[in-house]
Structure formats: structure tokens, C-alpha cells
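Dropping start-v2.cif in here (mmCIF, C-alpha atoms):
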```cif
data_entry
loop_
_atom_site.label_atom_id
_atom_site.label_comp_id
_atom_site.auth_asym_id
_atom_site.auth_seq_id
_atom_site.Cartn_x
_atom_site.Cartn_y
_atom_site.Cartn_z
CA MET A 8 0.00 0.00 0.00
CA ALA A 9 1.28 3.44 -0.93
CA GLU A 10 2.31 5.68 1.95
CA GLU A 11 0.09 8.75 2.48
CA VAL A 12 2.01 12.03 2.15
CA PRO A 13 1.39 14.30 5.19
CA VAL A 14 -0.72 17.39 4.48
CA SER A 15 1.96 19.74 5.86
CA ARG A 16 4.50 18.29 3.46
CA ARG A 17 2.08 18.67 0.54
CA ILE A 18 1.45 22.31 1.47
CA ALA A 19 5.19 22.95 1.81
CA TRP A 20 5.79 21.39 -1.62
CA ALA A 21 2.95 23.47 -3.14
CA VAL A 22 4.48 26.68 -1.73
CA VAL A 23 8.02 25.82 -2.93
CA SER A 24 6.76 24.76 -6.36
CA GLY A 25 4.47 27.81 -6.48
CA THR A 26 7.38 30.12 -5.69
CA LEU A 27 9.41 28.63 -8.55
CA GLY A 28 6.39 29.05 -10.86
CA MET A 29 5.94 32.66 -9.70
CA VAL A 30 9.62 33.45 -10.39
CA TYR A 31 9.25 31.98 -13.92
CA TYR A 32 6.05 33.90 -14.79
CA VAL A 33 7.25 37.20 -13.32
CA LEU A 34 10.65 36.87 -14.98
CA ILE A 35 9.29 36.05 -18.43
CA TYR A 36 6.06 38.02 -18.65
CA VAL A 37 6.55 40.99 -16.31
CA TYR A 38 10.28 41.63 -16.03
CA LEU A 39 12.68 40.26 -18.66
CA ILE A 40 10.88 40.76 -21.99
CA PRO A 41 9.09 44.03 -21.02
CA MET A 42 12.46 45.32 -19.75
CA VAL A 43 14.15 44.69 -23.12
CA PHE A 44 11.18 46.29 -24.87
CA SER A 45 11.14 49.24 -22.50
CA TYR A 46 14.87 49.82 -23.17
CA LEU A 47 14.23 49.90 -26.94
CA ALA A 48 11.24 52.22 -26.47
CA THR A 49 13.21 54.62 -24.26
CA GLN A 50 15.94 54.89 -26.88
CA LEU A 51 13.24 55.82 -29.40
CA SER A 52 11.83 58.45 -26.99
CA SER A 53 8.58 56.61 -26.59
CA GLN A 54 6.41 56.42 -23.51
CA LEU A 55 5.26 53.02 -22.28
CA PRO A 56 3.22 52.17 -19.19
CA PRO A 57 5.76 51.94 -16.33
CA ILE A 58 5.89 48.91 -14.03
CA SER A 59 5.68 50.20 -10.46
CA GLY A 60 7.00 48.31 -7.43
CA GLY A 61 3.45 47.85 -6.15
CA GLN A 62 2.25 46.39 -9.44
CA LEU A 63 5.24 44.07 -9.55
CA ALA A 64 4.59 42.86 -5.98
CA GLY A 65 0.85 42.42 -6.71
CA LEU A 66 1.53 40.41 -9.86
CA ALA A 67 4.16 38.31 -8.05
CA LEU A 68 1.63 37.49 -5.30
CA PHE A 69 -1.03 36.68 -7.88
CA PHE A 70 1.29 34.30 -9.75
CA LEU A 71 2.43 32.79 -6.44
CA GLY A 72 -1.19 32.06 -5.55
CA LEU A 73 -1.97 30.56 -8.96
CA SER A 74 1.20 28.44 -9.08
CA SER A 75 0.83 27.21 -5.48
CA ALA A 76 -2.82 26.30 -6.10
CA ALA A 77 -1.84 24.49 -9.32
CA SER A 78 0.85 22.52 -7.48
CA GLY A 79 -1.51 21.66 -4.63
CA LEU A 80 -4.11 20.45 -7.10
CA LYS A 81 -1.70 18.25 -9.09
CA GLY A 82 -3.48 15.23 -10.50
CA THR A 83 -6.78 17.10 -10.96
CA ILE A 84 -8.01 18.97 -14.04
CA TYR A 85 -7.55 22.25 -12.09
CA ASN A 86 -3.75 21.89 -12.33
CA PRO A 87 -3.55 22.29 -16.15
CA LEU A 88 -6.38 24.84 -16.07
CA LEU A 89 -4.55 27.05 -13.55
CA ARG A 90 -1.21 26.68 -15.34
CA ALA A 91 -2.82 27.54 -18.68
CA PHE A 92 -4.58 30.52 -17.08
CA SER A 93 -1.26 31.76 -15.63
CA ASN A 94 0.28 31.73 -19.12
CA ILE A 95 -2.70 33.45 -20.76
CA PHE A 96 -2.82 36.08 -18.01
CA GLY A 97 0.94 36.58 -18.26
CA PHE A 98 0.68 37.04 -22.02
CA PHE A 99 -1.98 39.74 -21.60
CA ILE A 100 0.22 41.52 -19.06
CA LEU A 101 3.04 41.40 -21.60
CA LEU A 102 0.74 42.81 -24.32
CA TYR A 103 -0.24 45.66 -21.98
CA TYR A 104 3.33 46.58 -21.03
CA MET A 105 4.51 46.26 -24.63
CA ASN A 106 1.68 48.49 -25.88
CA GLY A 107 0.61 45.76 -28.34
CA GLY A 108 4.13 45.77 -29.83
CA GLU A 109 4.01 49.27 -31.31
CA ILE A 110 6.38 52.04 -30.32
CA SER A 111 5.91 55.59 -31.51
CA GLY A 112 7.39 58.85 -30.41
CA SER A 113 8.64 62.18 -31.64
CA ILE A 114 11.69 64.31 -31.04
CA VAL A 115 11.95 68.04 -31.64
CA MET A 116 15.43 69.12 -32.65
CA GLU A 117 16.61 72.40 -34.10
CA GLY A 118 13.05 73.45 -34.84
CA ALA A 119 12.29 70.29 -36.78
CA LYS A 120 10.04 67.48 -35.68
CA LEU A 121 11.18 63.91 -36.15
CA GLY A 122 8.46 61.28 -35.79
CA LEU A 123 9.31 57.62 -35.23
CA PHE A 124 7.16 54.53 -35.40
CA ILE A 125 8.25 50.92 -35.21
CA ASP A 126 6.17 47.77 -35.00
CA LEU A 127 7.88 45.19 -32.77
CA SER A 128 5.02 42.69 -32.81
CA PRO A 129 7.29 39.86 -34.14
CA ILE A 130 8.72 39.76 -30.59
CA ILE A 131 5.20 39.17 -29.25
CA TYR A 132 4.54 36.40 -31.82
CA ILE A 133 7.73 34.60 -30.73
CA VAL A 134 6.79 34.84 -27.04
CA PHE A 135 3.32 33.53 -27.89
CA ALA A 136 4.61 30.64 -30.03
CA PHE A 137 7.52 29.52 -27.83
CA ILE A 138 6.42 30.40 -24.32
CA THR A 139 2.66 30.91 -24.04
CA VAL A 140 1.35 28.14 -26.33
CA PRO A 141 3.63 25.38 -24.90
CA GLY A 142 2.71 26.67 -21.43
CA ILE A 143 -0.95 26.02 -22.25
CA ILE A 144 -0.64 22.73 -24.16
CA ILE A 145 1.98 20.87 -22.11
CA PRO A 146 0.08 20.90 -18.76
CA PHE A 147 -2.98 19.39 -20.49
CA TYR A 148 -0.81 16.85 -22.31
CA ASP A 149 0.78 15.90 -18.96
CA TYR A 150 -2.61 15.59 -17.32
CA PHE A 151 -4.21 13.42 -19.99
CA THR A 152 -1.20 11.19 -20.62
CA LYS A 153 0.41 10.85 -17.17
CA ASP A 154 -1.98 11.87 -14.40
CA LEU A 155 -5.10 10.22 -15.87
CA ALA A 156 -3.15 7.16 -17.07
CA GLY A 157 -1.55 6.85 -13.60
CA ALA A 158 -4.93 7.08 -11.90
CA GLY A 159 -6.48 4.55 -14.26
CA MET B 1494 7.47 16.89 -20.18
CA ASN B 1495 8.84 19.66 -17.95
CA VAL B 1496 12.21 19.14 -19.66
CA LEU B 1497 10.55 19.56 -23.06
CA HIS B 1498 8.78 22.70 -21.84
CA ALA B 1499 12.05 24.13 -20.52
CA ALA B 1500 13.79 23.28 -23.81
CA ILE B 1501 11.06 25.04 -25.86
CA VAL B 1502 11.24 28.13 -23.61
CA ILE B 1503 15.06 28.23 -23.90
CA VAL B 1504 14.83 27.93 -27.72
CA GLY B 1505 12.24 30.74 -27.65
CA LEU B 1506 14.52 32.96 -25.58
CA ILE B 1507 17.46 32.26 -27.92
CA ILE B 1508 15.29 33.19 -30.94
CA LEU B 1509 14.16 36.34 -29.10
CA GLY B 1510 17.80 37.25 -28.52
CA MET B 1511 18.53 36.72 -32.21
CA VAL B 1512 15.60 38.79 -33.48
CA THR B 1513 16.20 41.68 -31.08
CA THR B 1514 19.92 41.91 -31.94
CA PRO B 1515 19.33 43.95 -35.16
CA LEU B 1516 17.26 46.44 -33.16
CA GLY B 1517 20.00 46.83 -30.58
CA LEU B 1518 22.60 47.33 -33.30
CA LEU B 1519 20.37 49.85 -35.07
CA ILE B 1520 19.98 51.86 -31.87
CA ARG B 1521 23.73 51.67 -31.24
CA ASP B 1522 24.35 52.93 -34.81
CA ALA B 1523 21.82 55.74 -34.45
CA LEU B 1524 23.22 56.89 -31.10
CA GLY B 1525 26.82 56.69 -32.27
CA ASN B 1526 26.24 58.30 -35.63
CA PRO B 1527 23.62 61.07 -35.81
CA ARG B 1528 24.24 61.23 -39.58
CA MET B 1529 23.15 57.63 -40.10
CA LEU B 1530 20.43 58.97 -42.36
CA ASN B 1531 21.39 61.99 -44.39
CA VAL B 1532 19.17 63.78 -46.89
CA SER B 1533 20.46 66.28 -49.42
CA MET B 1534 18.96 68.19 -52.32
CA GLN B 1535 20.92 69.10 -55.44
CA GLN B 1536 19.84 71.18 -58.38
CA GLY B 1537 20.98 69.93 -61.76
CA ASN B 1538 20.53 71.38 -65.23
CA ASN B 1539 16.96 70.33 -65.68
CA SER B 1540 16.10 68.33 -62.59
CA ILE B 1541 16.31 68.29 -58.82
CA LEU B 1542 17.90 65.30 -57.11
CA ILE B 1543 17.03 64.36 -53.56
CA THR B 1544 19.41 61.82 -52.07
CA LEU B 1545 18.96 59.82 -48.92
CA ALA B 1546 22.23 58.27 -47.79
CA TYR B 1547 22.17 55.44 -45.26
CA ASN B 1548 25.26 54.69 -43.17
CA GLY B 1549 23.88 52.14 -40.73
CA THR B 1550 25.08 48.54 -40.54
CA ILE B 1551 21.63 46.93 -40.29
CA LYS B 1552 19.87 46.15 -43.53
CA LEU B 1553 16.62 48.01 -44.20
CA THR B 1554 14.20 46.31 -46.60
CA ASP B 1555 11.09 47.34 -48.58
CA VAL B 1556 12.20 50.93 -48.29
CA ASN B 1557 9.92 53.65 -49.57
CA PHE B 1558 11.18 57.22 -49.43
CA THR B 1559 8.83 60.14 -50.00
CA ALA B 1560 9.82 63.77 -50.23
CA VAL B 1561 7.37 66.64 -50.21
CA ILE B 1562 8.90 69.83 -51.58
CA LYS B 1563 7.50 73.34 -51.45
CA SER B 1564 8.48 76.15 -53.68
CA GLY B 1565 6.63 79.43 -54.02
CA GLY B 1566 3.33 77.99 -52.76
CA HIS B 1567 3.66 74.99 -55.06
CA VAL B 1568 3.86 71.60 -53.34
CA ILE B 1569 5.11 68.48 -55.04
CA SER B 1570 5.36 64.99 -53.61
CA LYS B 1571 7.58 62.26 -55.07
CA SER B 1572 8.44 58.75 -53.91
CA ALA B 1573 11.14 56.22 -54.63
CA TYR B 1574 11.24 52.56 -53.72
CA THR B 1575 14.12 50.21 -53.17
CA GLY B 1576 14.01 46.61 -52.00
CA GLU B 1577 17.06 46.99 -49.80
CA LEU B 1578 19.06 49.77 -48.18
CA ASP B 1579 22.40 48.54 -46.91
CA LYS B 1580 25.49 50.21 -45.45
CA ASN B 1581 26.64 53.21 -47.53
CA SER B 1582 23.80 52.90 -50.00
CA THR B 1583 21.54 55.64 -51.29
CA ILE B 1584 18.03 56.11 -52.57
CA LEU B 1585 17.32 58.84 -55.11
CA ILE B 1586 14.30 60.91 -56.01
CA LYS B 1587 14.44 62.86 -59.26
CA ILE B 1588 12.07 65.72 -59.89
CA PRO B 1589 12.10 67.35 -63.35
CA GLN B 1590 12.21 71.11 -63.04
CA SER B 1591 9.26 71.29 -65.38
CA GLU B 1592 7.12 69.93 -62.53
CA LEU B 1593 7.97 72.87 -60.27
CA ASN B 1594 6.69 76.41 -60.76
CA ALA B 1595 9.78 77.99 -59.27
CA THR B 1596 13.32 76.68 -59.19
CA SER B 1597 14.51 78.84 -56.33
CA GLY B 1598 13.57 78.86 -52.65
CA LEU B 1599 12.99 75.13 -52.65
CA ARG B 1600 12.54 73.59 -49.22
CA PHE B 1601 11.47 70.29 -47.74
CA GLU B 1602 7.93 70.27 -46.42
CA GLU B 1603 8.06 66.66 -45.25
CA LEU B 1604 10.26 63.60 -45.61
CA VAL B 1605 8.91 60.12 -44.96
CA LEU B 1606 10.95 56.94 -44.84
CA LYS B 1607 9.09 53.64 -44.54
CA GLY B 1608 10.43 50.12 -44.57
CA LYS B 1609 11.36 47.17 -42.43
CA VAL B 1610 14.35 46.66 -40.12
CA SER B 1611 16.06 43.44 -41.25
CA GLY B 1612 12.83 42.45 -43.03
CA LEU B 1613 11.13 41.99 -39.66
CA TYR B 1614 10.01 45.21 -38.04
CA PRO B 1615 7.98 47.75 -40.03
CA PHE B 1616 9.05 51.30 -39.29
CA GLU B 1617 8.23 54.84 -40.34
CA ILE B 1618 10.31 57.96 -39.85
CA THR B 1619 8.81 61.36 -40.64
CA TYR B 1620 10.66 64.65 -40.72
CA HIS B 1621 8.97 68.04 -40.65
CA PRO B 1622 11.55 70.83 -40.89
CA THR B 1623 9.11 73.50 -39.72
CA GLY B 1624 8.20 71.57 -36.60
CA GLY B 1625 4.56 71.41 -37.65
#
```

Conversion result in C-alpha cells:
Amino acid sequence: MAEEVPVSRRIAWAVVSGTLGMVYYVLIYVYLIPMVFSYLATQLSSQLPPISGGQLAGLALFFLGLSSAASGLKGTIYNPLLRAFSNIFGFFILLYYMNGGEISGSIVMEGAKLGLFIDLSPIIYIVFAFITVPGIIIPFYDYFTKDLAGAG
Amino acid sequence: MNVLHAAIVIVGLIILGMVTTPLGLLIRDALGNPRMLNVSMQQGNNSILITLAYNGTIKLTDVNFTAVIKSGGHVISKSAYTGELDKNSTILIKIPQSELNATSGLRFEELVLKGKVSGLYPFEITYHPTGG
């Protein structure tokens, strides 16, 4: 007979796993890619919505909650649903901070006005194809092939 | 499956690094060389030549250059297209003098450069000398 894992240990594992998940989502969707984008936008004198410390902390807590809940509910359909939701939510945050991928701005120099516009949406397509979509599909694949097969 | 997921994410980040490199280089060029794009107007015997010289290292593709010229209340707009604008290359617009009412006091009303950075990122640069 399989040994029952104590509840405290399961909670501890959910928190540790949730923290790792939170670090991943915040790093990819809130910090790393928007930071690169923000650097490019600043060089082009464009204004993008800034990420405040409070927003960052709020998003980190939100992802921590989602990831911990997903870890705690491993083996149920809620695990892939929560993981998929985290990726979709993260992608929308990215879209917001990247202004949909478009940067525009203008500089006035020596009485002349220089207008700049650049469409960086290919960056968003790559994030969607290589980070968001696998983040949605793989948890469901895991659930239907491993968790359900293991239970059956 | 977590290993596969991690591998896909790493490949994605590597591709992101590769596709953002031309942008970084373009910005470095633009900051280091304010004359990366240089427009000049020359008056020939029976035509006016507008030249846009590009000195950046990153290839610009599908480039469309439009110049709007004003002379004595007369405005004329002309465009030129080139598939590629590479380091030290130029794009020319030729306006026959017969199309202008006056041949003196010519000035740029607007300059527009459209294209794609490395064939990936559509861009548009507009220049209004009067600040309007």
C-alpha cells in the first residue's frame, strides 16, 4: 500500500513549487521581456506604461497564488487549467506593457520634428509561439497522458 | 514533459535574442552616428535630385522614401522605392524642373521613410523641418 504524504508536506511542496512558478512567470512576462522592450522604447523616446513596485509585488503574489494552487491540485483537471490561465494572463500583461508591440514617439530638434514609429510585434509572436502556447498545451498533455493514465 | 517545456522556452529565448539583436545594433548605430540617415537636395541642369544616404550597418528592406517639396506655394510629392538599403547605400528621387513652378527657394515640407528593419520590423520615420 502506498504511503500517504502528510498534508503539511504537501502544502510545503505546493508553496516551494508555487514560488518557482511565480519566479518563472514574473521573470518572463513581467520583467525580462518588457524590460528589453522598455529599453528599446526609451531609446526611441517613446512612452510606455511603467511597471511600479506595487504592481510588480501584486503580480508576483497573484502568480504565487496561482502556481501554489496548481501545485496543490496536481493530479486534478484544475492543475492544467490554472497553469494555462497563468500563461494566458501573463501574455496579456506582456501585451499591456509592450503596448501591443508598437512604439511611436517624436523628437523636436533644431526646430524640426522627427516622428518615429516601429512595430515590434514579431517579438510578441515569438513569445506567444515559444512560451505561451507550450505553457498552455503541455500541462494538459501531462494531465491526460500521465496523471489520468496513472490514476487509471 | 517539464524538460521539453524548458527546452522550448530556452529555444524561444534564444530566438528572441537573435531577433532583437538587429534592433539593438540599429539603436547603437543611431546613437553613435547622428548622420546615419542623411538627406540632401541638389539642383541639376533640368532636374532636382534628392538623395537619402544610409550609413547604418543593419539592412533596411522594402524601403519607400517620400519627399514633399514646397516652392513658391507649389507643393510636389515624389516617392522612390528600393528593396534593400544597406550600409553606404543611397536612394534617389528625381524631380524634373518642369514639374515645379519655381526653381529657387525650394525647401522640404516633409520627408517620410518607410520600410522594415532586417525584413522583420515595419518602421516609419517622418521629418517636418518647420516643426509642424

Test item: residues at most 12 Å from Val140 of chain A, all atoms listed in the file, excluding those fewer than 5 positions along its chain, as a count of residues only: 19

task: Run the PyMOL selection byres ((chain B) within 9 of (chain A)) on the file and write out the hits as a VMD selection string.
output: chain B and resid 1494 to 1495 1497 to 1498 1501 to 1506 1508 to 1509 1512 to 1513 1516 to 1517 1520 1524 1609 to 1610 1613 to 1625

task: Starting from the displayed file, determine the output of the PyMOL selection byres ((chain A and resi 73) around 9) and express the residue list as a list in words.
output: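 Applying the expression gives Gly25, Gly28, Met29, Leu68, Phe69, Phe70, Leu71, Gly72, Ser74, Ser75, Ala76, Ala77, Ser78, Leu89, Arg90, Phe92 and Ser93 of chain A.
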
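Atom pair atom CA of Pro87 of chain A / atom CA of Val12 of chain A has a distance of 21.7 Å (rounded to one decimal).
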
- request: Tell me which of A:Met105, A:Ile100, A:Leu80, A:Leu88 sits closest to Ile18 of chain A, counting all atoms listed in the file.
  value: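 Checking each candidate against Ile18 of chain A, we get A:Leu80 as the closest.
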
field: Protein and nucleic acid residues near (7.5, 63.3, -46.6) (cut-off 8 Å, all atoms listed in the file) as a count of residues only
entry: 13

query: Ile1541 of chain B: which residues within 7 Å, counting all atoms listed in the file, same-chain residues fewer than 6 positions away excluded, as a PyMOL selection string?
result: chain B and resi 1535+1587-1590

Since we have the selection now, will you write its residues out, keeping C-alpha atoms, as a PDB file, in the frame of the given file?
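Final output, part03.pdb:
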```
ATOM      1  CA  GLN B1535      20.920  69.100 -55.440  1.00  0.00           C
ATOM      2  CA  LYS B1587      14.440  62.860 -59.260  1.00  0.00           C
ATOM      3  CA  ILE B1588      12.070  65.720 -59.890  1.00  0.00           C
ATOM      4  CA  PRO B1589      12.100  67.350 -63.350  1.00  0.00           C
ATOM      5  CA  GLN B1590      12.210  71.110 -63.040  1.00  0.00           C
TER       6      GLN B1590
END
```

- request: Measure the distance from atom CA of Val23 of chain A to atom CA of Leu102 of chain A in Å and round it to one decimal.
  value: 28.3 Å

message: Selection in question (the file shown): the PyMOL selection byres ((chain B and resi 1600) around 9). Which residues does it include, as a ChimeraX atom specification?
response: /B:1534,1561-1564,1598-1599,1601-1602,1622

- request: Name all residues at most 9 Å from Tyr104 of chain A (count all atoms listed in the file; drop same-chain ones fewer than 4 positions away) and give them as number ranges by chain.
  value: A: 37, 41, 44-45, 55-58, 99-100, 108

Take the residues from that selection and write them out as a short mmCIF file (atom, residue, chain, number, x, y, z; two decimals), in the coordinates of the input, keeping C-alpha atoms.
```cif
data_model
loop_
_atom_site.label_atom_id
_atom_site.label_comp_id
_atom_site.auth_asym_id
_atom_site.auth_seq_id
_atom_site.Cartn_x
_atom_site.Cartn_y
_atom_site.Cartn_z
CA VAL A 37 6.55 40.99 -16.31
CA PRO A 41 9.09 44.03 -21.02
CA PHE A 44 11.18 46.29 -24.87
CA SER A 45 11.14 49.24 -22.50
CA LEU A 55 5.26 53.02 -22.28
CA PRO A 56 3.22 52.17 -19.19
CA PRO A 57 5.76 51.94 -16.33
CA ILE A 58 5.89 48.91 -14.03
CA PHE A 99 -1.98 39.74 -21.60
CA ILE A 100 0.22 41.52 -19.06
CA GLY A 108 4.13 45.77 -29.83
#
```

- request: Rank nothing, just name the residue among A:Lys81, A:Val33, A:Tyr150, A:Leu155 nearest to Trp20 of chain A, using all atoms listed in the file.
  value: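 Smallest distance to Trp20 of chain A is found for A:Lys81.
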
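Compared by their closest atoms to Arg17 of chain A, and using only C-alpha atoms, the residues A:Gly107, A:Gly60, A:Gly65, A:Gly79 rank with A:Gly79 nearest.
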
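The space separating atom CA of Ser1572 of chain B from atom CA of Leu1542 of chain B comes to 11.9 Å.
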
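Ranking B:Arg1528, B:His1567, B:Lys1607, B:Arg1521 by their shortest atom-to-atom distance to Asn1581 of chain B, with all atoms listed in the file included, puts B:Arg1528 first.
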
field: Spatial neighbours of Leu1545 of chain B, 8 Å, only C-alpha atoms, chain gap at least 5 places, as a PyMOL selection string
entry: chain B and resi 1530-1533+1583-1585

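The shortest atom-to-atom distance to Ala1499 of chain B, with only C-alpha atoms taken into account, belongs to A:Tyr31 out of A:Tyr38, A:Ala156, A:Tyr31, A:Tyr85.
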
message: Under the rule that all atoms listed in the file are counted, which of B:Thr1514, B:Asn1526, B:Thr1550, B:Asn1539 is the nearest residue to Glu1592 of chain B?
response: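 The answer is B:Asn1539, which sits nearest to Glu1592 of chain B.
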
If I only have part of segment 85-105 of chain A, can you fill in N, CA and C atoms and write it as an mmCIF file, in the frame of the given file?
```cif
data_model
loop_
_atom_site.group_PDB
_atom_site.id
_atom_site.type_symbol
_atom_site.label_atom_id
_atom_site.label_comp_id
_atom_site.auth_asym_id
_atom_site.auth_seq_id
_atom_site.Cartn_x
_atom_site.Cartn_y
_atom_site.Cartn_z
ATOM 1 N N TYR A 85 -7.814 20.857 -12.449
ATOM 2 C CA TYR A 85 -7.550 22.250 -12.090
ATOM 3 C C TYR A 85 -6.075 22.608 -12.253
ATOM 4 N N ASN A 86 -5.191 21.605 -12.166
ATOM 5 C CA ASN A 86 -3.750 21.890 -12.330
ATOM 6 C C ASN A 86 -3.464 22.443 -13.731
ATOM 7 N N PRO A 87 -3.823 21.705 -14.825
ATOM 8 C CA PRO A 87 -3.550 22.290 -16.150
ATOM 9 C C PRO A 87 -4.348 23.552 -16.415
ATOM 10 N N LEU A 88 -5.568 23.634 -15.845
ATOM 11 C CA LEU A 88 -6.380 24.840 -16.070
ATOM 12 C C LEU A 88 -5.699 26.060 -15.446
ATOM 13 N N LEU A 89 -5.208 25.918 -14.226
ATOM 14 C CA LEU A 89 -4.550 27.050 -13.550
ATOM 15 C C LEU A 89 -3.234 27.420 -14.223
ATOM 16 N N ARG A 90 -2.495 26.394 -14.664
ATOM 17 C CA ARG A 90 -1.210 26.680 -15.340
ATOM 18 C C ARG A 90 -1.453 27.382 -16.680
ATOM 19 N N ALA A 91 -2.487 26.908 -17.398
ATOM 20 C CA ALA A 91 -2.820 27.540 -18.680
ATOM 21 C C ALA A 91 -3.278 28.985 -18.440
ATOM 22 N N PHE A 92 -4.095 29.175 -17.395
ATOM 23 C CA PHE A 92 -4.580 30.520 -17.080
ATOM 24 C C PHE A 92 -3.415 31.456 -16.738
ATOM 25 N N SER A 93 -2.428 30.937 -15.976
ATOM 26 C CA SER A 93 -1.260 31.760 -15.630
ATOM 27 C C SER A 93 -0.551 32.245 -16.882
ATOM 28 N N ASN A 94 -0.412 31.352 -17.876
ATOM 29 C CA ASN A 94 0.280 31.730 -19.120
ATOM 30 C C ASN A 94 -0.536 32.733 -19.931
ATOM 31 N N ILE A 95 -1.856 32.514 -19.996
ATOM 32 C CA ILE A 95 -2.700 33.450 -20.760
ATOM 33 C C ILE A 95 -2.692 34.824 -20.082
ATOM 34 N N PHE A 96 -2.825 34.828 -18.772
ATOM 35 C CA PHE A 96 -2.820 36.080 -18.010
ATOM 36 C C PHE A 96 -1.479 36.800 -18.188
ATOM 37 N N GLY A 97 -0.406 36.017 -18.077
ATOM 38 C CA GLY A 97 0.940 36.580 -18.260
ATOM 39 C C GLY A 97 1.103 37.193 -19.633
ATOM 40 N N PHE A 98 0.564 36.531 -20.650
ATOM 41 C CA PHE A 98 0.680 37.040 -22.020
ATOM 42 C C PHE A 98 -0.058 38.373 -22.164
ATOM 43 N N PHE A 99 -1.232 38.473 -21.523
ATOM 44 C CA PHE A 99 -1.980 39.740 -21.600
ATOM 45 C C PHE A 99 -1.249 40.865 -20.866
ATOM 46 N N ILE A 100 -0.582 40.512 -19.771
ATOM 47 C CA ILE A 100 0.220 41.520 -19.060
ATOM 48 C C ILE A 100 1.328 42.029 -19.990
ATOM 49 N N LEU A 101 1.960 41.065 -20.665
ATOM 50 C CA LEU A 101 3.040 41.400 -21.600
ATOM 51 C C LEU A 101 2.519 42.326 -22.717
ATOM 52 N N LEU A 102 1.342 41.985 -23.255
ATOM 53 C CA LEU A 102 0.740 42.810 -24.320
ATOM 54 C C LEU A 102 0.503 44.232 -23.807
ATOM 55 N N TYR A 103 0.046 44.348 -22.565
ATOM 56 C CA TYR A 103 -0.240 45.660 -21.980
ATOM 57 C C TYR A 103 1.054 46.471 -21.844
ATOM 58 N N TYR A 104 2.080 45.844 -21.249
ATOM 59 C CA TYR A 104 3.330 46.580 -21.030
ATOM 60 C C TYR A 104 4.085 46.861 -22.324
ATOM 61 N N MET A 105 3.825 46.038 -23.357
ATOM 62 C CA MET A 105 4.510 46.260 -24.630
ATOM 63 C C MET A 105 3.655 47.085 -25.590
#
```
